[in-house]
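Some notes on the structure that comes next.
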Amino acid sequence: MSDLGSLHYFLGIHMVKNKSGLFLYQAKYVANLLVCTGLEFTKPMLSPFVINEPLAASEDSPLIDDPKLYRSLVGALQYLTFTWPDIALAVNQVCQFIHSPHEVHLKAVKGMLRYIKGIVSYGLQLFKSSTPSLLTYSNANWAGCHDTHRSTTGFCIFLKKNLISWSAKK
């Protein structure tokens with residue numbers, strides 16, 4: 001076993017020590033993702049998805065010819081939730097259509113990528129702390145799915161000021 005020095009980049013996640021603690025971000029991963037999708041020069045969006053237009057199993061829009069692109073983009077978005085928990089709900093929404101994606105769903109995924117383009121420098125700050133205290137928040141959208149009338153739930157757990165666990169699921 002040998003010491004390779006301090007850790008700066010691992011599995012697509014940059015780690016930077018600062019006076020507050022440790023900052024995690026995925027700028028290089030996002031840049032590569034935007035280049036692969038051809039969205040590196042598009043205008044960023046202000047929100048990961050349009051609130052007034054919920055995604056549903058659409059009969060109007062055509063199915064995507066090759067759903068592999070959709071599935072790989074959704075998988076990449078899931079990986080980005082490690083440092084951006086704010087996109088967890090939006091990623092959960094597009095994951096529900098992996099089995100049969102339509103053009104409207106692909107448009108939503110590309111919208112999320114445009115949102116991420118605007119927040120590339122954001123990340124997850126882990127703070128130094130000496131006294132542990134646990135705080136949990138949760139929320140639910142009862143029967144919020146337009147197709148199945150199932151609920152969407154979410155939670156986040158903080159240890160002192162550090163976000164240590166989060167989830168959004170149907």
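Chain labels A, B, ... are given in the sequence in which chains occur in the structure tokens; within each chain residues are numbered consecutively from 1, and ligands are likewise numbered from 1 in the order shown.
The strand (DSSP E or B) portion of segment 12-51 of chain A consists of Ile13, His14, Met15, Val16, Lys17, Asn18, Gly21, Leu22, Phe23, Leu24 and Tyr25 of chain A, with states taken from DSSP on the backbone.
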Restricting the output to N, CA and C atoms, write the selected residues as a PDB file, in the first residue's frame.
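And here is the file that came out, result-v7.pdb:
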```pdb
ATOM      1  N   ILE A  13     -15.598  13.360 -10.005  1.00  0.00           N
ATOM      2  CA  ILE A  13     -15.922  14.346  -8.968  1.00  0.00           C
ATOM      3  C   ILE A  13     -14.641  15.043  -8.518  1.00  0.00           C
ATOM      4  N   HIS A  14     -14.619  16.370  -8.634  1.00  0.00           N
ATOM      5  CA  HIS A  14     -13.504  17.179  -8.140  1.00  0.00           C
ATOM      6  C   HIS A  14     -13.698  17.396  -6.647  1.00  0.00           C
ATOM      7  N   MET A  15     -12.607  17.354  -5.906  1.00  0.00           N
ATOM      8  CA  MET A  15     -12.632  17.606  -4.468  1.00  0.00           C
ATOM      9  C   MET A  15     -11.627  18.705  -4.155  1.00  0.00           C
ATOM     10  N   VAL A  16     -12.108  19.767  -3.527  1.00  0.00           N
ATOM     11  CA  VAL A  16     -11.256  20.901  -3.199  1.00  0.00           C
ATOM     12  C   VAL A  16     -11.392  21.188  -1.709  1.00  0.00           C
ATOM     13  N   LYS A  17     -10.252  21.185  -1.004  1.00  0.00           N
ATOM     14  CA  LYS A  17     -10.270  21.564   0.411  1.00  0.00           C
ATOM     15  C   LYS A  17     -10.289  23.084   0.489  1.00  0.00           C
ATOM     16  N   ASN A  18     -11.164  23.611   1.339  1.00  0.00           N
ATOM     17  CA  ASN A  18     -11.208  25.050   1.588  1.00  0.00           C
ATOM     18  C   ASN A  18     -11.291  25.279   3.085  1.00  0.00           C
ATOM     19  N   GLY A  21     -14.178  23.381   4.768  1.00  0.00           N
ATOM     20  CA  GLY A  21     -14.207  21.926   4.766  1.00  0.00           C
ATOM     21  C   GLY A  21     -13.800  21.369   3.415  1.00  0.00           C
ATOM     22  N   LEU A  22     -14.725  20.691   2.746  1.00  0.00           N
ATOM     23  CA  LEU A  22     -14.458  20.037   1.469  1.00  0.00           C
ATOM     24  C   LEU A  22     -15.584  20.382   0.494  1.00  0.00           C
ATOM     25  N   PHE A  23     -15.211  20.814  -0.715  1.00  0.00           N
ATOM     26  CA  PHE A  23     -16.192  21.171  -1.744  1.00  0.00           C
ATOM     27  C   PHE A  23     -16.113  20.142  -2.861  1.00  0.00           C
ATOM     28  N   LEU A  24     -17.247  19.555  -3.215  1.00  0.00           N
ATOM     29  CA  LEU A  24     -17.336  18.553  -4.274  1.00  0.00           C
ATOM     30  C   LEU A  24     -18.105  19.129  -5.455  1.00  0.00           C
ATOM     31  N   TYR A  25     -17.557  18.962  -6.677  1.00  0.00           N
ATOM     32  CA  TYR A  25     -18.259  19.423  -7.867  1.00  0.00           C
ATOM     33  C   TYR A  25     -17.874  18.559  -9.066  1.00  0.00           C
TER      34      TYR A  25
END
```
Counting only C-alpha atoms, which residues in segment 80-101 of chain A sit no more than 9 Å from segment 107-111 of chain A? For each one, give the nearest pair of atoms and the distance in Å, sorted by chain then residue number, as CSV.
```
residue,atom,partner,partner_atom,distance
A:Ala90,CA,A:Val109,CA,8.9
A:Val91,CA,A:Val109,CA,8.2
A:Val94,CA,A:Val109,CA,6.9
```
Would you output that residue set with C-alpha atoms, as an mmCIF file, in the first residue's frame?
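result_17.cif, freshly written:
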```
data_model
loop_
_atom_site.group_PDB
_atom_site.id
_atom_site.type_symbol
_atom_site.label_atom_id
_atom_site.label_comp_id
_atom_site.auth_asym_id
_atom_site.auth_seq_id
_atom_site.Cartn_x
_atom_site.Cartn_y
_atom_site.Cartn_z
ATOM 1 C CA ALA A 90 -36.414 16.395 -11.870
ATOM 2 C CA VAL A 91 -34.205 13.353 -12.549
ATOM 3 C CA VAL A 94 -37.534 11.647 -16.348
#
```
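Atom CA of Asn92 of chain A is positioned 12.7 Å from atom CA of Arg71 of chain A.
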Looking at only C-alpha atoms, which of A:Thr83, A:Lys160, A:Asn32, A:Asp65 is the one that sits closest to Phe127 of chain A? A:Lys160
Contacts of Cys36 of chain A within 10 Å, only C-alpha atoms, excl. fewer than 5 positions in-chain, as an MDAnalysis selection string: chainID A and resid 30:31 73
Selection file, C-alpha atoms, as a short mmCIF file (atom, residue, chain, number, x, y, z; two decimals), in the first residue's frame:
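Okay, result30.cif is ready:
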```
data_model
loop_
_atom_site.label_atom_id
_atom_site.label_comp_id
_atom_site.auth_asym_id
_atom_site.auth_seq_id
_atom_site.Cartn_x
_atom_site.Cartn_y
_atom_site.Cartn_z
CA VAL A 30 -20.65 18.13 -17.11
CA ALA A 31 -18.43 19.74 -19.77
CA LEU A 73 -28.49 10.82 -20.61
#
```
Top pick for closest residue to Tyr79 of chain A, considering A:Ser2, A:Thr136, A:Gln26, A:Ser167 and counting only C-alpha atoms: A:Gln26
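For the set A:Ser20, A:Gly5, A:Ile87, A:Tyr122, the residue with the smallest atom-to-atom gap to Lys161 of chain A is A:Ser20, counting only C-alpha atoms.
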Output as a short mmCIF file (atom, residue, chain, number, x, y, z; two decimals) with C-alpha atoms, in the first residue's frame all residues of chain A that backbone DSSP marks as helix (DSSP H, G or I).
```cif
data_model
loop_
_atom_site.label_atom_id
_atom_site.label_comp_id
_atom_site.auth_asym_id
_atom_site.auth_seq_id
_atom_site.Cartn_x
_atom_site.Cartn_y
_atom_site.Cartn_z
CA ALA A 27 -17.50 20.52 -13.80
CA LYS A 28 -15.33 18.32 -16.04
CA TYR A 29 -17.97 15.58 -16.17
CA VAL A 30 -20.65 18.13 -17.11
CA ALA A 31 -18.43 19.74 -19.77
CA ASN A 32 -17.86 16.34 -21.40
CA LEU A 33 -21.57 15.54 -21.20
CA LEU A 34 -22.55 18.84 -22.84
CA VAL A 35 -20.03 18.29 -25.65
CA CYS A 36 -21.31 14.75 -26.26
CA THR A 37 -24.90 16.02 -26.54
CA PRO A 67 -34.02 5.10 -26.67
CA LYS A 68 -30.35 4.31 -25.83
CA LEU A 69 -29.47 8.02 -26.01
CA TYR A 70 -32.29 8.89 -23.63
CA ARG A 71 -31.32 6.16 -21.19
CA SER A 72 -27.65 7.13 -21.20
CA LEU A 73 -28.49 10.82 -20.61
CA VAL A 74 -30.82 9.93 -17.74
CA GLY A 75 -28.08 7.75 -16.24
CA ALA A 76 -25.64 10.65 -16.52
CA LEU A 77 -28.15 12.92 -14.78
CA GLN A 78 -28.53 10.36 -11.99
CA TYR A 79 -24.76 10.45 -11.48
CA LEU A 80 -24.89 14.25 -11.22
CA PRO A 85 -29.28 17.18 -4.89
CA ASP A 86 -31.49 19.99 -6.20
CA ILE A 87 -31.99 18.08 -9.47
CA ALA A 88 -33.03 14.81 -7.75
CA LEU A 89 -36.77 15.41 -8.21
CA ALA A 90 -36.41 16.40 -11.87
CA VAL A 91 -34.21 13.35 -12.55
CA ASN A 92 -36.77 11.16 -10.81
CA GLN A 93 -39.44 12.53 -13.15
CA VAL A 94 -37.53 11.65 -16.35
CA CYS A 95 -36.48 8.23 -14.97
CA GLU A 103 -39.81 13.33 -27.72
CA VAL A 104 -41.32 15.43 -24.93
CA HIS A 105 -39.29 13.44 -22.39
CA LEU A 106 -36.06 13.90 -24.35
CA LYS A 107 -36.83 17.61 -24.53
CA ALA A 108 -37.15 17.66 -20.71
CA VAL A 109 -33.78 15.90 -20.33
CA LYS A 110 -32.11 18.41 -22.65
CA GLY A 111 -33.74 21.20 -20.62
CA MET A 112 -32.16 19.76 -17.47
CA LEU A 113 -28.78 19.69 -19.20
CA ARG A 114 -29.25 23.35 -20.12
CA TYR A 115 -30.03 24.09 -16.45
CA ILE A 116 -26.90 22.24 -15.36
CA LYS A 117 -24.87 24.25 -17.85
CA GLY A 118 -25.77 27.37 -15.87
#
```
Residues at most 6 Å from Ile157 of chain A, counting only C-alpha atoms, excluding those fewer than 4 positions away in the same chain, as number ranges by chain? A: 135-136, 163-165
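We find atom CA of Ile119 of chain A and atom CA of Leu7 of chain A to be spaced 23.3 Å apart.
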